[in-house]
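Comments concern the structure below.
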Amino acid sequence: MRKGGEWYASMGVNKSTGTRIFSVSGMVERPGNYEIELGMSFRDLIEGLAGGVRGGRPLQFFIPGGASAPWLLPEHLDEPLDMDRASELRTMLGSGAIMVFDDTVDPLLVSWRLARFFAHESCGKCTPCREGSSWIEKVLYRMTNGLGRPDDLDLLLDFGSNIVPGLNAPFAQTTICALGPSTMSHVVSLDRCFGAEIRARLQKDFDKRRTLEVTPA
């Protein structure tokens, strides 16, 4: 206030000017709220200010802007905290809540937990969100618990295209609020970041169930 808007806008990059508070949580040494100048890299925030991944473990992925934001991978650590660049990467800075996950975390479990959150938060007014969020949660539950089918991830993507046409961030607004399109963010991320691994896991779980021996009573 004392120095004025022009001084404030001199910080940052491109259209992302000034400073912003980011909340870094998850598997980092120093979780907390950090006010930074926009344009700083994710690496400087996560590895520098937040102390890096806890215990020195490898970073597996991170969510850059709250539960609604598509996930990013270690290869994106040197990208700037810039709203336009985030959009180019098909994600967003969103709420500024950055969640960090190391290599011990199951991405499928994270996706299911996010699905539970969105299903719980749905007010039920809009059909795509009301029906979609609960159905997505149910399918992810069976996938997480070894009961998935080989085509479950593709089934979710096909179903989700009815909620979010195109399945690309920034997601099309198909419900009164943004909760509806957000229900697919983590599913799209699961496919984009870990699709081959998840499909192989689903096939393995399916084959294991199909070859189980039946013990007579």
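Here's how to read the names in the structure tokens: chain A, B, ... by the order shown, residue numbers from 1 in each chain, ligand numbers from 1 in the order shown.
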*What are the DSSP helix (DSSP H, G or I) residues of chain A, as a PyMOL selection string?*
chain A and resi 5-9+42-49+54-56+74-76+83-88+107-121+127-144+152-160+179-182+185-210
Could you save those same residues with C-alpha atoms as an mmCIF file, in the first residue's frame?
data_model
loop_
_atom_site.group_PDB
_atom_site.id
_atom_site.type_symbol
_atom_site.label_atom_id
_atom_site.label_comp_id
_atom_site.auth_asym_id
_atom_site.auth_seq_id
_atom_site.Cartn_x
_atom_site.Cartn_y
_atom_site.Cartn_z
ATOM 1 C CA GLY A 5 0.499 -0.664 -7.319
ATOM 2 C CA GLU A 6 3.134 0.175 -9.914
ATOM 3 C CA TRP A 7 5.922 -0.904 -7.567
ATOM 4 C CA TYR A 8 4.037 -4.092 -6.676
ATOM 5 C CA ALA A 9 3.425 -4.916 -10.342
ATOM 6 C CA PHE A 42 8.778 -24.799 -8.440
ATOM 7 C CA ARG A 43 12.225 -26.151 -7.619
ATOM 8 C CA ASP A 44 13.217 -23.045 -5.665
ATOM 9 C CA LEU A 45 9.966 -23.201 -3.720
ATOM 10 C CA ILE A 46 9.824 -26.958 -3.069
ATOM 11 C CA GLU A 47 13.514 -27.778 -2.732
ATOM 12 C CA GLY A 48 14.695 -24.405 -1.493
ATOM 13 C CA LEU A 49 12.145 -22.817 0.811
ATOM 14 C CA ARG A 54 11.339 -35.449 3.231
ATOM 15 C CA GLY A 55 14.177 -37.834 4.021
ATOM 16 C CA GLY A 56 15.847 -37.164 0.678
ATOM 17 C CA PRO A 74 9.761 -33.895 -11.532
ATOM 18 C CA GLU A 75 10.577 -32.752 -15.070
ATOM 19 C CA HIS A 76 8.464 -29.668 -14.391
ATOM 20 C CA MET A 83 -0.279 -18.555 -14.495
ATOM 21 C CA ASP A 84 0.160 -18.412 -18.268
ATOM 22 C CA ARG A 85 2.891 -21.048 -18.249
ATOM 23 C CA ALA A 86 0.806 -23.266 -15.988
ATOM 24 C CA SER A 87 -2.017 -23.063 -18.513
ATOM 25 C CA GLU A 88 0.395 -24.066 -21.294
ATOM 26 C CA PRO A 107 -0.866 -42.341 -7.359
ATOM 27 C CA LEU A 108 -3.997 -44.462 -7.758
ATOM 28 C CA LEU A 109 -4.731 -44.117 -4.044
ATOM 29 C CA VAL A 110 -4.264 -40.338 -4.282
ATOM 30 C CA SER A 111 -6.721 -40.231 -7.174
ATOM 31 C CA TRP A 112 -9.283 -42.228 -5.208
ATOM 32 C CA ARG A 113 -8.906 -39.976 -2.147
ATOM 33 C CA LEU A 114 -9.479 -36.916 -4.337
ATOM 34 C CA ALA A 115 -12.501 -38.606 -5.906
ATOM 35 C CA ARG A 116 -13.937 -39.202 -2.416
ATOM 36 C CA PHE A 117 -13.438 -35.527 -1.623
ATOM 37 C CA PHE A 118 -15.235 -34.316 -4.747
ATOM 38 C CA ALA A 119 -18.088 -36.802 -4.309
ATOM 39 C CA HIS A 120 -18.545 -35.665 -0.708
ATOM 40 C CA GLU A 121 -18.450 -31.961 -1.632
ATOM 41 C CA THR A 127 -26.394 -33.950 -12.844
ATOM 42 C CA PRO A 128 -22.848 -34.294 -14.279
ATOM 43 C CA CYS A 129 -21.343 -33.603 -10.861
ATOM 44 C CA ARG A 130 -23.917 -35.422 -8.744
ATOM 45 C CA GLU A 131 -23.868 -38.630 -10.761
ATOM 46 C CA GLY A 132 -20.357 -38.363 -12.125
ATOM 47 C CA SER A 133 -18.422 -37.727 -8.920
ATOM 48 C CA SER A 134 -19.926 -40.667 -7.044
ATOM 49 C CA TRP A 135 -19.519 -43.060 -9.993
ATOM 50 C CA ILE A 136 -15.880 -42.034 -10.503
ATOM 51 C CA GLU A 137 -15.214 -42.689 -6.819
ATOM 52 C CA LYS A 138 -16.741 -46.172 -7.017
ATOM 53 C CA VAL A 139 -14.674 -47.186 -10.051
ATOM 54 C CA LEU A 140 -11.467 -45.838 -8.501
ATOM 55 C CA TYR A 141 -12.259 -47.704 -5.290
ATOM 56 C CA ARG A 142 -12.309 -51.050 -7.069
ATOM 57 C CA MET A 143 -9.163 -50.123 -9.013
ATOM 58 C CA THR A 144 -7.347 -49.218 -5.799
ATOM 59 C CA ASP A 152 -11.240 -49.165 -16.186
ATOM 60 C CA LEU A 153 -8.974 -46.155 -16.760
ATOM 61 C CA ASP A 154 -10.173 -45.835 -20.346
ATOM 62 C CA LEU A 155 -13.733 -46.260 -19.103
ATOM 63 C CA LEU A 156 -13.249 -43.362 -16.692
ATOM 64 C CA LEU A 157 -11.810 -41.169 -19.440
ATOM 65 C CA ASP A 158 -14.649 -42.009 -21.806
ATOM 66 C CA PHE A 159 -17.239 -41.353 -19.118
ATOM 67 C CA GLY A 160 -15.463 -38.187 -18.011
ATOM 68 C CA LEU A 179 -16.610 -28.643 -8.868
ATOM 69 C CA GLY A 180 -18.104 -30.702 -11.696
ATOM 70 C CA PRO A 181 -15.207 -30.352 -14.160
ATOM 71 C CA SER A 182 -12.724 -30.678 -11.285
ATOM 72 C CA SER A 185 -8.697 -33.446 -13.045
ATOM 73 C CA HIS A 186 -7.023 -36.227 -11.079
ATOM 74 C CA VAL A 187 -8.240 -38.925 -13.500
ATOM 75 C CA VAL A 188 -6.754 -37.053 -16.464
ATOM 76 C CA SER A 189 -3.544 -36.651 -14.439
ATOM 77 C CA LEU A 190 -3.458 -40.346 -13.609
ATOM 78 C CA ASP A 191 -3.630 -41.169 -17.311
ATOM 79 C CA ARG A 192 -1.188 -38.484 -18.406
ATOM 80 C CA CYS A 193 1.453 -39.150 -15.747
ATOM 81 C CA PHE A 194 1.079 -42.858 -14.970
ATOM 82 C CA GLY A 195 -1.235 -44.292 -17.629
ATOM 83 C CA ALA A 196 0.978 -47.165 -18.797
ATOM 84 C CA GLU A 197 1.756 -48.252 -15.229
ATOM 85 C CA ILE A 198 -1.881 -48.128 -14.137
ATOM 86 C CA ARG A 199 -3.076 -50.133 -17.149
ATOM 87 C CA ALA A 200 -0.401 -52.772 -16.547
ATOM 88 C CA ARG A 201 -1.414 -52.955 -12.885
ATOM 89 C CA LEU A 202 -5.095 -53.362 -13.759
ATOM 90 C CA GLN A 203 -4.268 -56.158 -16.190
ATOM 91 C CA LYS A 204 -2.089 -57.876 -13.587
ATOM 92 C CA ASP A 205 -4.821 -57.644 -10.927
ATOM 93 C CA PHE A 206 -7.380 -58.969 -13.397
ATOM 94 C CA ASP A 207 -5.180 -61.896 -14.434
ATOM 95 C CA LYS A 208 -4.488 -62.740 -10.800
ATOM 96 C CA ARG A 209 -8.192 -62.919 -9.985
ATOM 97 C CA ARG A 210 -8.933 -64.960 -13.094
#
*Using only C-alpha atoms, which residue out of A:Ala97, A:Asp78, A:Thr104, A:Lys15 lies closest to Val53 (chain A)?*
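Closest candidate: A:Thr104.
Relative to CA of Glu79 (chain A), CA of Ser41 (chain A) is found at 5.4 Å.
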*For Cys123 (chain A), which residue among A:Thr175, A:Ser95, A:Ser68, A:Asn145 is the nearest when counting only C-alpha atoms?*
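Result for the nearest residue to Cys123 (chain A): A:Thr175.
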_Considering only C-alpha atoms, can you say which of A:Arg90, A:Met27, A:Phe22, A:Cys126 comes closest to Gly65 (chain A)?_
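For Gly65 (chain A), the nearest of the given residues is A:Phe22.
The two atoms in question, CA of Ser122 (chain A) and CA of Thr91 (chain A), are spaced 21.8 Å apart.
Atom to atom, CA of Gly52 (chain A) and CA of Ile36 (chain A) stand 16.4 Å apart.
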_I need the residue nearest Pro58 (chain A) from this list: A:Leu73, A:Val164, A:Ile176, A:Met184. Use only C-alpha atoms for the distance._
A:Leu73
Please provide the set of residues having any atom within 10 Å of Gly39 (chain A), restricted to only C-alpha atoms, with same-chain residues fewer than 4 positions apart removed, written as an mmCIF file with C-alpha atoms, in the first residue's frame.
data_model
loop_
_atom_site.group_PDB
_atom_site.id
_atom_site.type_symbol
_atom_site.label_atom_id
_atom_site.label_comp_id
_atom_site.auth_asym_id
_atom_site.auth_seq_id
_atom_site.Cartn_x
_atom_site.Cartn_y
_atom_site.Cartn_z
ATOM 1 C CA MET A 11 7.668 -7.851 -9.423
ATOM 2 C CA GLY A 12 6.752 -11.132 -11.061
ATOM 3 C CA VAL A 13 6.704 -12.159 -14.710
ATOM 4 C CA ASN A 14 4.461 -11.559 -17.711
ATOM 5 C CA SER A 16 1.673 -12.905 -13.191
ATOM 6 C CA THR A 17 2.781 -9.835 -11.302
ATOM 7 C CA GLY A 18 3.445 -9.201 -7.631
ATOM 8 C CA THR A 19 3.711 -11.783 -4.892
ATOM 9 C CA GLU A 79 9.019 -24.314 -14.633
ATOM 10 C CA PRO A 80 8.074 -20.887 -13.241
ATOM 11 C CA LEU A 81 5.149 -20.185 -10.963
ATOM 12 C CA ASP A 82 3.439 -18.272 -13.751
ATOM 13 C CA MET A 83 -0.279 -18.555 -14.495
ATOM 14 C CA ARG A 85 2.891 -21.048 -18.249
#
